[in-house]
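Asks: This is my_file.txt, which holds compact mmCIF, C-alpha atoms and all ligand atoms:
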# COMPACT_ATOMS: atom_id res chain seq x y z
CA MET A 257 0.00 0.00 0.00
CA ALA A 258 0.88 3.48 -0.54
CA PHE A 259 2.37 5.92 1.86
CA PRO A 260 0.76 9.37 1.64
CA GLN A 261 1.52 11.10 -1.66
CA THR A 262 2.71 14.23 0.09
CA ARG A 263 5.77 12.41 1.35
CA MET A 264 7.04 12.33 -2.23
CA ARG A 265 9.04 9.20 -1.49
CA ARG A 266 8.46 7.61 -4.88
CA LEU A 267 9.38 10.84 -6.62
CA ARG A 268 12.64 11.17 -4.73
CA ALA A 269 13.87 7.74 -5.59
CA SER A 270 16.14 8.75 -8.47
CA ALA A 271 17.90 11.82 -9.82
CA ASP A 272 15.70 11.71 -12.93
CA LEU A 273 12.50 11.71 -10.91
CA ARG A 274 13.77 14.43 -8.62
CA GLY A 275 14.70 16.50 -11.67
CA LEU A 276 11.30 15.95 -13.23
CA VAL A 277 9.40 17.41 -10.29
CA ARG A 278 11.87 20.06 -9.14
CA GLU A 279 10.17 23.42 -8.57
CA THR A 280 13.19 25.66 -8.94
CA GLU A 281 15.82 25.69 -11.64
CA LEU A 282 19.28 27.14 -11.20
CA SER A 283 21.26 27.82 -14.36
CA PRO A 284 24.24 29.99 -15.32
CA ALA A 285 21.86 32.19 -17.33
CA ARG A 286 20.36 33.38 -14.02
CA LEU A 287 23.67 34.36 -12.48
CA VAL A 288 25.52 37.66 -12.55
CA LEU A 289 29.22 38.04 -11.73
CA PRO A 290 30.26 41.24 -9.91
CA MET A 291 33.74 42.54 -10.81
CA PHE A 292 36.02 45.19 -9.32
CA VAL A 293 37.83 47.21 -11.96
CA ALA A 294 40.70 49.18 -10.51
CA GLU A 295 43.18 51.83 -11.61
CA PRO A 296 46.08 52.05 -11.80
CA LEU A 297 46.72 48.39 -12.04
CA SER A 298 48.16 45.90 -14.41
CA GLY A 299 46.83 42.42 -14.20
CA ARG A 300 45.15 41.30 -10.99
CA GLU A 301 45.45 42.03 -7.31
CA ALA A 302 44.05 39.70 -4.67
CA ILE A 303 41.44 41.06 -2.24
CA ALA A 304 42.41 39.86 1.24
CA THR A 305 38.84 39.79 2.57
CA MET A 306 37.47 37.87 -0.44
CA PRO A 307 39.74 34.93 -1.27
CA GLY A 308 39.31 33.98 -4.92
CA VAL A 309 38.14 37.46 -5.99
CA ASP A 310 40.61 39.96 -7.49
CA ARG A 311 40.71 43.63 -8.32
CA LEU A 312 41.17 43.75 -12.09
CA SER A 313 42.87 46.00 -14.58
CA ILE A 314 40.82 46.78 -17.67
CA SER A 315 42.48 44.05 -19.72
CA ALA A 316 42.09 41.55 -16.89
CA ALA A 317 38.42 42.59 -16.66
CA VAL A 318 38.01 41.87 -20.35
CA SER A 319 39.40 38.36 -19.96
CA GLU A 320 37.25 37.80 -16.85
CA ALA A 321 34.19 38.92 -18.85
CA GLU A 322 35.18 36.56 -21.66
CA GLN A 323 35.31 33.70 -19.15
CA ALA A 324 31.92 34.74 -17.76
CA ALA A 325 30.44 34.71 -21.25
CA ALA A 326 32.01 31.34 -22.05
CA LEU A 327 30.49 29.88 -18.89
CA GLY A 328 27.05 31.11 -19.96
CA LEU A 329 26.61 33.67 -17.18
CA ALA A 330 23.82 36.20 -17.65
CA ALA A 331 25.91 39.30 -17.13
CA VAL A 332 28.79 40.97 -15.37
CA MET A 333 28.28 43.83 -12.97
CA LEU A 334 31.01 46.46 -12.69
CA PHE A 335 32.29 48.37 -9.67
CA GLY A 336 35.00 50.98 -10.11
CA VAL A 337 37.98 51.45 -7.83
CA PRO A 338 39.44 54.80 -8.96
CA ALA A 339 43.00 56.02 -8.39
CA ASP A 340 41.82 59.37 -7.04
CA LYS A 341 38.88 60.35 -4.90
CA ASP A 342 37.45 63.77 -4.05
CA GLU A 343 34.71 65.37 -1.93
CA LEU A 344 32.08 65.11 -4.69
CA GLY A 345 33.09 61.76 -6.14
CA SER A 346 33.66 63.29 -9.58
CA GLY A 347 35.42 60.16 -10.87
CA ALA A 348 31.99 58.52 -10.96
CA TRP A 349 30.80 60.47 -14.03
CA ASP A 350 34.17 60.98 -15.74
CA GLU A 351 33.86 59.89 -19.38
CA GLU A 352 37.39 58.48 -19.06
CA GLY A 353 36.63 56.99 -15.64
CA ILE A 354 37.53 53.43 -14.77
CA VAL A 355 34.02 51.99 -15.19
CA GLN A 356 33.34 53.89 -18.41
CA MET A 357 36.60 52.61 -19.93
CA ALA A 358 35.96 49.06 -18.73
CA VAL A 359 32.44 49.03 -20.18
CA ARG A 360 33.73 50.15 -23.57
CA ALA A 361 36.50 47.53 -23.54
CA ILE A 362 34.21 44.68 -22.47
CA LYS A 363 31.44 45.55 -24.91
CA GLN A 364 33.98 45.77 -27.71
CA ALA A 365 35.37 42.32 -26.88
CA ARG A 366 32.00 40.67 -26.12
CA PRO A 367 29.07 42.65 -27.55
CA ASP A 368 26.82 39.70 -26.67
CA LEU A 369 27.54 39.82 -22.91
CA LEU A 370 25.26 42.03 -20.81
CA VAL A 371 27.11 44.63 -18.78
CA ILE A 372 25.44 46.05 -15.68
CA THR A 373 26.98 49.07 -13.95
CA ASP A 374 26.62 49.91 -10.29
CA VAL A 375 25.82 53.60 -9.85
CA CYS A 376 27.00 55.03 -6.52
CA LEU A 377 29.43 57.64 -5.27
CA CYS A 378 30.96 55.77 -2.31
CA GLU A 379 33.89 54.35 -4.26
CA TYR A 380 34.69 57.85 -5.56
CA THR A 381 34.23 60.14 -2.55
CA SER A 382 37.17 60.89 -0.25
CA HIS A 383 34.88 60.43 2.80
CA GLY A 384 33.42 57.14 1.54
CA HIS A 385 29.74 58.07 1.82
CA CYS A 386 27.34 57.27 -1.01
CA GLY A 387 26.56 60.93 -1.64
CA VAL A 388 27.86 64.46 -1.23
CA LEU A 389 27.98 65.98 2.23
CA GLY A 390 25.89 69.01 3.12
CA GLU A 391 25.86 71.24 6.16
CA GLY A 392 26.95 69.43 9.29
CA GLY A 393 28.37 66.44 7.42
CA ALA A 394 25.09 64.71 6.59
CA VAL A 395 24.56 63.33 3.08
CA ASP A 396 22.63 65.84 0.95
CA ASN A 397 20.03 63.71 -0.81
CA ASP A 398 18.96 66.04 -3.60
CA ALA A 399 22.43 67.27 -4.54
CA THR A 400 23.52 63.63 -4.71
CA VAL A 401 20.64 62.57 -6.95
CA GLU A 402 21.76 64.99 -9.66
CA LEU A 403 25.28 63.54 -9.65
CA LEU A 404 23.97 59.98 -9.75
CA ALA A 405 21.87 60.80 -12.81
CA ARG A 406 24.94 62.26 -14.49
CA THR A 407 26.88 59.09 -13.61
CA ALA A 408 24.14 56.86 -15.03
CA VAL A 409 24.15 58.74 -18.34
CA SER A 410 27.94 58.42 -18.60
CA HIS A 411 27.60 54.66 -18.09
CA ALA A 412 24.91 54.43 -20.78
CA ARG A 413 27.06 56.47 -23.14
CA ALA A 414 29.91 54.01 -22.57
CA GLY A 415 27.60 51.15 -23.58
CA ALA A 416 26.15 49.74 -20.33
CA ASP A 417 23.10 47.54 -20.91
CA LEU A 418 21.50 47.95 -17.51
CA ILE A 419 21.96 50.69 -14.90
CA ALA A 420 21.90 49.70 -11.23
CA PRO A 421 21.78 52.54 -8.68
CA SER A 422 22.89 51.28 -5.24
CA ASP A 423 23.09 54.55 -3.31
CA MET A 424 19.60 54.46 -1.69
CA MET A 425 18.96 58.21 -2.08
CA ASP A 426 15.28 59.16 -2.36
CA GLY A 427 14.10 60.01 -5.86
CA ARG A 428 17.16 58.77 -7.66
CA VAL A 429 15.40 56.25 -9.88
CA GLY A 430 13.08 58.94 -11.27
CA ALA A 431 15.95 61.35 -11.79
CA ILE A 432 18.05 58.72 -13.55
CA ARG A 433 15.10 57.74 -15.76
CA ARG A 434 14.53 61.37 -16.79
CA GLU A 435 18.20 61.99 -17.59
CA LEU A 436 18.55 58.74 -19.52
CA ASP A 437 15.44 59.58 -21.56
CA ALA A 438 16.64 63.13 -22.19
CA ASP A 439 19.97 61.86 -23.49
CA GLY A 440 18.52 59.34 -25.92
CA PHE A 441 18.78 56.27 -23.66
CA SER A 442 15.08 55.63 -23.16
CA GLU A 443 15.64 51.94 -23.98
CA ILE A 444 18.19 51.36 -21.20
CA PRO A 445 16.50 49.68 -18.22
CA ILE A 446 17.09 50.46 -14.53
CA LEU A 447 17.73 47.75 -11.94
CA ALA A 448 17.06 49.56 -8.67
CA TYR A 449 18.72 48.43 -5.47
CA SER A 450 15.34 49.05 -3.84
CA ALA A 451 15.65 47.16 -0.59
CA LYS A 452 19.23 47.65 0.43
CA PHE A 453 19.75 47.07 4.12
CA ALA A 454 22.46 48.62 6.31
CA SER A 455 24.35 45.36 6.66
CA ALA A 456 27.45 43.99 8.33
CA PHE A 457 27.77 41.70 5.32
CA TYR A 458 29.14 44.49 3.08
CA GLY A 459 32.38 44.58 5.08
CA PRO A 460 34.61 42.66 2.63
CA PHE A 461 33.28 44.73 -0.31
CA ARG A 462 34.27 47.98 1.39
CA GLU A 463 37.77 46.61 1.78
CA ALA A 464 37.78 45.58 -1.88
CA ALA A 465 36.48 48.92 -3.16
CA GLY A 466 38.14 51.13 -0.55
CA SER A 467 34.72 52.57 0.30
CA THR A 468 34.50 52.31 4.07
CA PRO A 469 32.96 55.57 5.37
CA ALA A 470 35.62 57.76 7.01
CA PHE A 471 33.11 58.61 9.76
CA GLY A 472 29.63 57.51 10.76
CA ASP A 473 27.74 54.76 8.96
CA ARG A 474 25.15 54.35 6.23
CA ARG A 475 22.12 53.92 8.45
CA SER A 476 20.58 57.26 7.46
CA TYR A 477 20.15 56.06 3.86
CA GLN A 478 20.24 52.25 3.99
CA MET A 479 17.42 50.27 5.57
CA ASP A 480 17.07 48.79 9.03
CA PRO A 481 17.37 44.97 8.78
CA ALA A 482 14.38 44.76 11.12
CA ASN A 483 11.99 46.20 8.52
CA GLY A 484 10.27 44.07 5.90
CA ARG A 485 7.20 46.19 5.13
CA GLU A 486 9.43 49.18 4.57
CA ALA A 487 11.30 47.18 1.94
CA VAL A 488 8.06 46.70 0.04
CA ARG A 489 7.28 50.43 0.24
CA GLU A 490 10.78 51.29 -1.02
CA ALA A 491 10.38 48.88 -3.93
CA LEU A 492 6.96 50.24 -4.88
CA LEU A 493 8.30 53.79 -4.88
CA ASP A 494 11.09 52.75 -7.22
CA VAL A 495 8.54 51.09 -9.50
CA GLU A 496 6.52 54.31 -9.58
CA GLU A 497 9.66 56.21 -10.48
CA GLY A 498 10.37 53.88 -13.39
CA ALA A 499 12.44 50.93 -12.15
CA ASP A 500 12.34 47.99 -14.57
CA MET A 501 13.74 45.49 -12.07
CA VAL A 502 14.23 45.64 -8.32
CA MET A 503 16.89 44.23 -6.05
CA VAL A 504 17.01 42.91 -2.52
CA LYS A 505 20.36 43.02 -0.74
CA PRO A 506 21.85 41.21 1.17
CA ALA A 507 20.25 37.92 0.18
CA LEU A 508 20.84 35.14 2.68
CA GLY A 509 18.78 36.34 5.62
CA TYR A 510 16.26 38.09 3.40
CA GLY A 511 14.22 35.40 1.62
CA ASP A 512 11.03 36.79 3.14
CA VAL A 513 11.82 40.21 1.69
CA ILE A 514 12.55 38.74 -1.75
CA ALA A 515 9.17 36.97 -1.73
CA ALA A 516 7.27 40.02 -0.47
CA VAL A 517 8.92 42.43 -2.92
CA LYS A 518 8.23 40.08 -5.79
CA ALA A 519 4.56 39.67 -4.85
CA ALA A 520 4.05 43.41 -4.43
CA THR A 521 5.91 44.68 -7.50
CA ARG A 522 5.33 41.84 -9.96
CA LEU A 523 8.61 42.85 -11.55
CA PRO A 524 11.72 40.76 -12.08
CA VAL A 525 13.65 40.61 -8.80
CA ALA A 526 17.40 40.30 -8.32
CA ALA A 527 18.97 39.02 -5.11
CA TYR A 528 22.51 40.14 -4.26
CA ASN A 529 24.46 37.41 -2.48
CA VAL A 530 26.92 39.93 -1.03
CA SER A 531 30.61 39.95 -0.17
CA GLY A 532 30.22 38.91 3.48
CA GLU A 533 28.02 36.00 2.48
CA TYR A 534 30.69 34.92 0.02
CA ALA A 535 33.49 35.36 2.56
CA MET A 536 31.60 33.39 5.19
CA VAL A 537 31.17 30.35 2.97
CA LYS A 538 34.77 30.59 1.73
CA ALA A 539 36.16 30.73 5.27
CA ALA A 540 34.16 27.71 6.37
CA ALA A 541 35.16 25.81 3.23
CA VAL A 542 38.86 26.60 3.66
CA ALA A 543 38.62 25.46 7.29
CA GLY A 544 37.12 22.18 6.10
CA GLN A 545 33.83 22.89 7.89
CA LEU A 546 31.60 23.06 4.81
CA ASP A 547 31.58 21.56 1.34
CA GLU A 548 31.79 24.71 -0.77
CA ARG A 549 30.15 23.34 -3.88
CA SER A 550 27.04 21.98 -2.22
CA ALA A 551 26.72 24.94 0.15
CA VAL A 552 26.92 27.45 -2.72
CA LEU A 553 24.48 25.61 -4.98
CA GLU A 554 22.05 25.27 -2.06
CA ILE A 555 22.27 29.00 -1.27
CA LEU A 556 21.79 30.08 -4.89
CA THR A 557 18.90 27.67 -5.38
CA SER A 558 17.21 28.94 -2.23
CA LEU A 559 17.39 32.51 -3.53
CA ARG A 560 15.73 31.42 -6.76
CA ARG A 561 13.11 29.58 -4.69
CA ALA A 562 12.45 32.73 -2.63
CA GLY A 563 11.49 34.36 -5.92
CA ALA A 564 14.59 35.96 -7.42
CA GLU A 565 14.83 35.63 -11.20
CA VAL A 566 18.43 36.83 -11.05
CA VAL A 567 21.11 36.10 -8.48
CA ILE A 568 24.23 38.25 -8.24
CA SER A 569 27.08 36.29 -6.67
CA TYR A 570 30.87 36.26 -6.38
CA HIS A 571 30.50 32.50 -6.70
CA ALA A 572 28.84 32.86 -10.14
CA LYS A 573 31.77 31.43 -12.15
CA ASP A 574 32.25 28.47 -9.79
CA ALA A 575 28.53 27.82 -9.74
CA ALA A 576 28.34 27.87 -13.54
CA ARG A 577 31.18 25.32 -13.69
CA TRP A 578 29.56 23.10 -11.08
CA LEU A 579 26.17 23.29 -12.80
CA THR A 580 27.65 22.34 -16.13
CA GLU A 581 29.58 19.40 -14.67
CA GLN A 582 26.46 18.23 -12.89
CA THR A 583 24.46 17.42 -16.00
C1 LIG B 1 27.80 50.73 -3.02
C2 LIG B 1 27.65 49.26 -2.87
C3 LIG B 1 27.99 48.44 -1.78
C4 LIG B 1 27.74 47.14 -2.19
C5 LIG B 1 27.23 47.20 -3.47
N1 LIG B 1 27.15 48.52 -3.86
C6 LIG B 1 28.62 48.76 -0.50
C7 LIG B 1 27.90 49.50 0.53
O1 LIG B 1 26.75 49.92 0.40
O2 LIG B 1 28.56 49.77 1.54
C8 LIG B 1 28.01 45.91 -1.38
C9 LIG B 1 28.17 44.66 -2.18
C10 LIG B 1 28.77 43.54 -1.43
O3 LIG B 1 28.95 43.58 -0.20
O4 LIG B 1 29.07 42.54 -2.09
N2 LIG B 1 26.99 51.51 -2.27
Since I need it in another form, could you write the structure as structure tokens?
Replies:
Amino acid sequence: MAFPQTRMRRLRASADLRGLVRETELSPARLVLPMFVAEPLSGREAIATMPGVDRLSISAAVSEAEQAAALGLAAVMLFGVPADKDELGSGAWDEEGIVQMAVRAIKQARPDLLVITDVCLCEYTSHGHCGVLGEGGAVDNDATVELLARTAVSHARAGADLIAPSDMMDGRVGAIRRELDADGFSEIPILAYSAKFASAFYGPFREAAGSTPAFGDRRSYQMDPANGREAVREALLDVEEGADMVMVKPALGYGDVIAAVKAATRLPVAAYNVSGEYAMVKAAAVAGQLDERSAVLEILTSLRRAGAEVVISYHAKDAARWLTEQT
């Protein structure tokens, strides 16, 4: 006699049966590889806090992008690490800036690979905040929004396929949309970092990008990890302002937010499996406490299950290799 159908025992009996009834698919085409492009640099430079991830020169970034394309990844996402920083973060919108040059070089080498650019000022400001400082040292939201829009247009002009503002200023998605439209880039979509939480898990990234705030923290513009409903409100505002896709970040502890944002916006959702989440798994793997391959594939699958169409991960290349071997 049968055991209850809900136990699924018969359907778990072989890999083929399990594959047949699997609810969530993970494939390289859903994964995005973040990359740090740095100047001045030749070749690669290891990032101490993120073993296995390097800061890249432009030519190293091109070969990394070629690898990403060969592995079938959906896209690469670029972060700039400029040689010089100033109060305003003017390197962010420099037509000859590090990201603008890298986008041109990558698109020339691989026109078929999607290039996403992160739009923020924190890698370019001398104080490390995501915007310009006003009276009393607080970030001036509206002055920052203008500079972000200028940055977005410079990325589009360089050939970026998708613009991803990560600064969390109010009104920046609308401002970026207007500027892109005004400059003839009405077809370039915006992936808004809508629900970006003030997280301890960005620590390794800040080391990688040299963007640790010189004073204070980001809690006046990034969200409180305690707030899920607020994440939905933030996402809906970005949708109203013209976001084409929305992002939830970090990812691991935020499956509920991914599901809620997806249900409320009905837009494609990206989950950012951030630097600290990467570093945590790496450290445990190096110490022999976790099997890296199965841990990573489980994490990425769970983010897809939570509702993310797209997963951004420093493990993207490894995952693509493991997924291809698996078949
Ligand atoms: C820029 C930005 C950050 C990350 C992505 N864009 C850092 C931050 O907000 O401090 C973090 C990504 C990661 O940790 O992998 N604002």
Asks: Would you name the residues within 10 Å of ligand LIG 1 (chain B), counting all atoms listed in the file, and put them as an mmCIF file with C-alpha atoms, keeping the file's coordinate frame?
Replies:
data_model
loop_
_atom_site.group_PDB
_atom_site.id
_atom_site.type_symbol
_atom_site.label_atom_id
_atom_site.label_comp_id
_atom_site.auth_asym_id
_atom_site.auth_seq_id
_atom_site.Cartn_x
_atom_site.Cartn_y
_atom_site.Cartn_z
ATOM 1 C CA PRO A 290 30.260 41.240 -9.910
ATOM 2 C CA MET A 291 33.740 42.540 -10.810
ATOM 3 C CA MET A 306 37.470 37.870 -0.440
ATOM 4 C CA LEU A 334 31.010 46.460 -12.690
ATOM 5 C CA PHE A 335 32.290 48.370 -9.670
ATOM 6 C CA ASP A 374 26.620 49.910 -10.290
ATOM 7 C CA VAL A 375 25.820 53.600 -9.850
ATOM 8 C CA CYS A 376 27.000 55.030 -6.520
ATOM 9 C CA LEU A 377 29.430 57.640 -5.270
ATOM 10 C CA CYS A 378 30.960 55.770 -2.310
ATOM 11 C CA GLU A 379 33.890 54.350 -4.260
ATOM 12 C CA GLY A 384 33.420 57.140 1.540
ATOM 13 C CA HIS A 385 29.740 58.070 1.820
ATOM 14 C CA CYS A 386 27.340 57.270 -1.010
ATOM 15 C CA GLY A 387 26.560 60.930 -1.640
ATOM 16 C CA ALA A 420 21.900 49.700 -11.230
ATOM 17 C CA PRO A 421 21.780 52.540 -8.680
ATOM 18 C CA SER A 422 22.890 51.280 -5.240
ATOM 19 C CA ASP A 423 23.090 54.550 -3.310
ATOM 20 C CA MET A 424 19.600 54.460 -1.690
ATOM 21 C CA TYR A 449 18.720 48.430 -5.470
ATOM 22 C CA LYS A 452 19.230 47.650 0.430
ATOM 23 C CA PHE A 453 19.750 47.070 4.120
ATOM 24 C CA ALA A 454 22.460 48.620 6.310
ATOM 25 C CA SER A 455 24.350 45.360 6.660
ATOM 26 C CA ALA A 456 27.450 43.990 8.330
ATOM 27 C CA PHE A 457 27.770 41.700 5.320
ATOM 28 C CA TYR A 458 29.140 44.490 3.080
ATOM 29 C CA GLY A 459 32.380 44.580 5.080
ATOM 30 C CA PRO A 460 34.610 42.660 2.630
ATOM 31 C CA PHE A 461 33.280 44.730 -0.310
ATOM 32 C CA ARG A 462 34.270 47.980 1.390
ATOM 33 C CA GLU A 463 37.770 46.610 1.780
ATOM 34 C CA ALA A 464 37.780 45.580 -1.880
ATOM 35 C CA ALA A 465 36.480 48.920 -3.160
ATOM 36 C CA GLY A 466 38.140 51.130 -0.550
ATOM 37 C CA SER A 467 34.720 52.570 0.300
ATOM 38 C CA THR A 468 34.500 52.310 4.070
ATOM 39 C CA PRO A 469 32.960 55.570 5.370
ATOM 40 C CA ASP A 473 27.740 54.760 8.960
ATOM 41 C CA ARG A 474 25.150 54.350 6.230
ATOM 42 C CA TYR A 477 20.150 56.060 3.860
ATOM 43 C CA GLN A 478 20.240 52.250 3.990
ATOM 44 C CA LYS A 505 20.360 43.020 -0.740
ATOM 45 C CA PRO A 506 21.850 41.210 1.170
ATOM 46 C CA TYR A 528 22.510 40.140 -4.260
ATOM 47 C CA ASN A 529 24.460 37.410 -2.480
ATOM 48 C CA VAL A 530 26.920 39.930 -1.030
ATOM 49 C CA SER A 531 30.610 39.950 -0.170
ATOM 50 C CA GLY A 532 30.220 38.910 3.480
ATOM 51 C CA GLU A 533 28.020 36.000 2.480
ATOM 52 C CA TYR A 534 30.690 34.920 0.020
ATOM 53 C CA ALA A 535 33.490 35.360 2.560
ATOM 54 C CA ILE A 568 24.230 38.250 -8.240
ATOM 55 C CA SER A 569 27.080 36.290 -6.670
ATOM 56 C CA TYR A 570 30.870 36.260 -6.380
#
Asks: Using all atoms listed in the file, which residue out of A:Arg406, A:Arg489, A:Arg434, A:Lys573 lies closest to Gly328 of chain A?
Replies: A:Lys573
Asks: Could you give me, as an MDAnalysis selection string, the residues within 10 Å of Leu289 of chain A, counting only C-alpha atoms and dropping anything in the same chain fewer than 2 positions from it?
Replies: chainID A and resid 287 291 320:321 324 329:334 371:372 567:573
Asks: Using all atoms listed in the file, pick whichever of A:Val288, A:Ala543, A:Ala491, A:Ile354 has the shortest atom-to-atom distance to Ala527 of chain A.
Replies: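 The closest residue to Ala527 of chain A is A:Val288.
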Asks: So, counting all atoms listed in the file, which residue among A:Gly392, A:Gly353, A:Ala348, A:Asp437 is closest to Thr407 of chain A?
Replies: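 Among the listed residues, the smallest separation from Thr407 of chain A belongs to A:Ala348.
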Asks: Separation of atom CA of Pro284 of chain A and atom CA of Ala507 of chain A, in Å?
Replies: 17.9 Å
Asks: Between atom CA of Pro296 of chain A and atom CA of Asp342 of chain A, what is the distance, to one decimal in Å?
Replies: 16.5 Å
Asks: Please, could all heavy atoms be added to segment 554-561 of chain A and the result written as a PDB file, in the coordinates of the input?
Replies:
ATOM      1  N   GLU A 554      23.254  25.232  -2.914  1.00  0.00           N
ATOM      2  CA  GLU A 554      22.050  25.270  -2.060  1.00  0.00           C
ATOM      3  C   GLU A 554      21.623  26.720  -1.815  1.00  0.00           C
ATOM      4  O   GLU A 554      20.431  27.064  -1.911  1.00  0.00           O
ATOM      5  CB  GLU A 554      22.347  24.559  -0.744  1.00  0.00           C
ATOM      6  CG  GLU A 554      21.167  24.509   0.193  1.00  0.00           C
ATOM      7  CD  GLU A 554      21.487  23.706   1.460  1.00  0.00           C
ATOM      8  OE1 GLU A 554      22.321  22.778   1.397  1.00  0.00           O
ATOM      9  OE2 GLU A 554      20.904  24.027   2.509  1.00  0.00           O
ATOM     10  N   ILE A 555      22.587  27.580  -1.524  1.00  0.00           N
ATOM     11  CA  ILE A 555      22.270  29.000  -1.270  1.00  0.00           C
ATOM     12  C   ILE A 555      21.648  29.633  -2.519  1.00  0.00           C
ATOM     13  O   ILE A 555      20.610  30.293  -2.460  1.00  0.00           O
ATOM     14  CB  ILE A 555      23.542  29.770  -0.848  1.00  0.00           C
ATOM     15  CG1 ILE A 555      23.918  29.411   0.587  1.00  0.00           C
ATOM     16  CG2 ILE A 555      23.342  31.277  -1.003  1.00  0.00           C
ATOM     17  CD1 ILE A 555      25.279  29.934   1.015  1.00  0.00           C
ATOM     18  N   LEU A 556      22.286  29.430  -3.665  1.00  0.00           N
ATOM     19  CA  LEU A 556      21.790  30.080  -4.890  1.00  0.00           C
ATOM     20  C   LEU A 556      20.410  29.545  -5.263  1.00  0.00           C
ATOM     21  O   LEU A 556      19.532  30.306  -5.673  1.00  0.00           O
ATOM     22  CB  LEU A 556      22.798  29.885  -6.040  1.00  0.00           C
ATOM     23  CG  LEU A 556      24.200  30.472  -5.790  1.00  0.00           C
ATOM     24  CD1 LEU A 556      25.123  30.192  -6.967  1.00  0.00           C
ATOM     25  CD2 LEU A 556      24.141  31.969  -5.506  1.00  0.00           C
ATOM     26  N   THR A 557      20.219  28.244  -5.091  1.00  0.00           N
ATOM     27  CA  THR A 557      18.900  27.670  -5.380  1.00  0.00           C
ATOM     28  C   THR A 557      17.845  28.257  -4.446  1.00  0.00           C
ATOM     29  O   THR A 557      16.723  28.564  -4.863  1.00  0.00           O
ATOM     30  CB  THR A 557      18.937  26.136  -5.221  1.00  0.00           C
ATOM     31  OG1 THR A 557      19.912  25.615  -6.122  1.00  0.00           O
ATOM     32  CG2 THR A 557      17.581  25.509  -5.535  1.00  0.00           C
ATOM     33  N   SER A 558      18.205  28.442  -3.186  1.00  0.00           N
ATOM     34  CA  SER A 558      17.210  28.940  -2.230  1.00  0.00           C
ATOM     35  C   SER A 558      16.817  30.383  -2.564  1.00  0.00           C
ATOM     36  O   SER A 558      15.680  30.787  -2.325  1.00  0.00           O
ATOM     37  CB  SER A 558      17.723  28.825  -0.797  1.00  0.00           C
ATOM     38  OG  SER A 558      18.700  29.806  -0.542  1.00  0.00           O
ATOM     39  N   LEU A 559      17.736  31.132  -3.147  1.00  0.00           N
ATOM     40  CA  LEU A 559      17.390  32.510  -3.530  1.00  0.00           C
ATOM     41  C   LEU A 559      16.458  32.513  -4.734  1.00  0.00           C
ATOM     42  O   LEU A 559      15.532  33.319  -4.828  1.00  0.00           O
ATOM     43  CB  LEU A 559      18.666  33.316  -3.814  1.00  0.00           C
ATOM     44  CG  LEU A 559      19.580  33.431  -2.597  1.00  0.00           C
ATOM     45  CD1 LEU A 559      20.878  34.139  -2.947  1.00  0.00           C
ATOM     46  CD2 LEU A 559      18.873  34.154  -1.457  1.00  0.00           C
ATOM     47  N   ARG A 560      16.675  31.570  -5.636  1.00  0.00           N
ATOM     48  CA  ARG A 560      15.730  31.420  -6.760  1.00  0.00           C
ATOM     49  C   ARG A 560      14.363  30.978  -6.218  1.00  0.00           C
ATOM     50  O   ARG A 560      13.346  31.475  -6.664  1.00  0.00           O
ATOM     51  CB  ARG A 560      16.279  30.381  -7.754  1.00  0.00           C
ATOM     52  CG  ARG A 560      17.544  30.818  -8.476  1.00  0.00           C
ATOM     53  CD  ARG A 560      17.221  31.589  -9.754  1.00  0.00           C
ATOM     54  NE  ARG A 560      16.555  30.742 -10.717  1.00  0.00           N
ATOM     55  CZ  ARG A 560      15.327  30.952 -11.176  1.00  0.00           C
ATOM     56  NH1 ARG A 560      14.615  31.985 -10.771  1.00  0.00           N
ATOM     57  NH2 ARG A 560      14.797  30.128 -12.054  1.00  0.00           N
ATOM     58  N   ARG A 561      14.374  30.065  -5.250  1.00  0.00           N
ATOM     59  CA  ARG A 561      13.110  29.580  -4.690  1.00  0.00           C
ATOM     60  C   ARG A 561      12.357  30.712  -3.983  1.00  0.00           C
ATOM     61  O   ARG A 561      11.133  30.801  -4.076  1.00  0.00           O
ATOM     62  CB  ARG A 561      13.390  28.446  -3.697  1.00  0.00           C
ATOM     63  CG  ARG A 561      12.127  27.703  -3.242  1.00  0.00           C
ATOM     64  CD  ARG A 561      12.403  26.886  -1.992  1.00  0.00           C
ATOM     65  NE  ARG A 561      12.748  27.745  -0.886  1.00  0.00           N
ATOM     66  CZ  ARG A 561      13.867  27.663  -0.161  1.00  0.00           C
ATOM     67  NH1 ARG A 561      14.754  26.723  -0.392  1.00  0.00           N
ATOM     68  NH2 ARG A 561      14.104  28.523   0.811  1.00  0.00           N
TER      69      ARG A 561
END
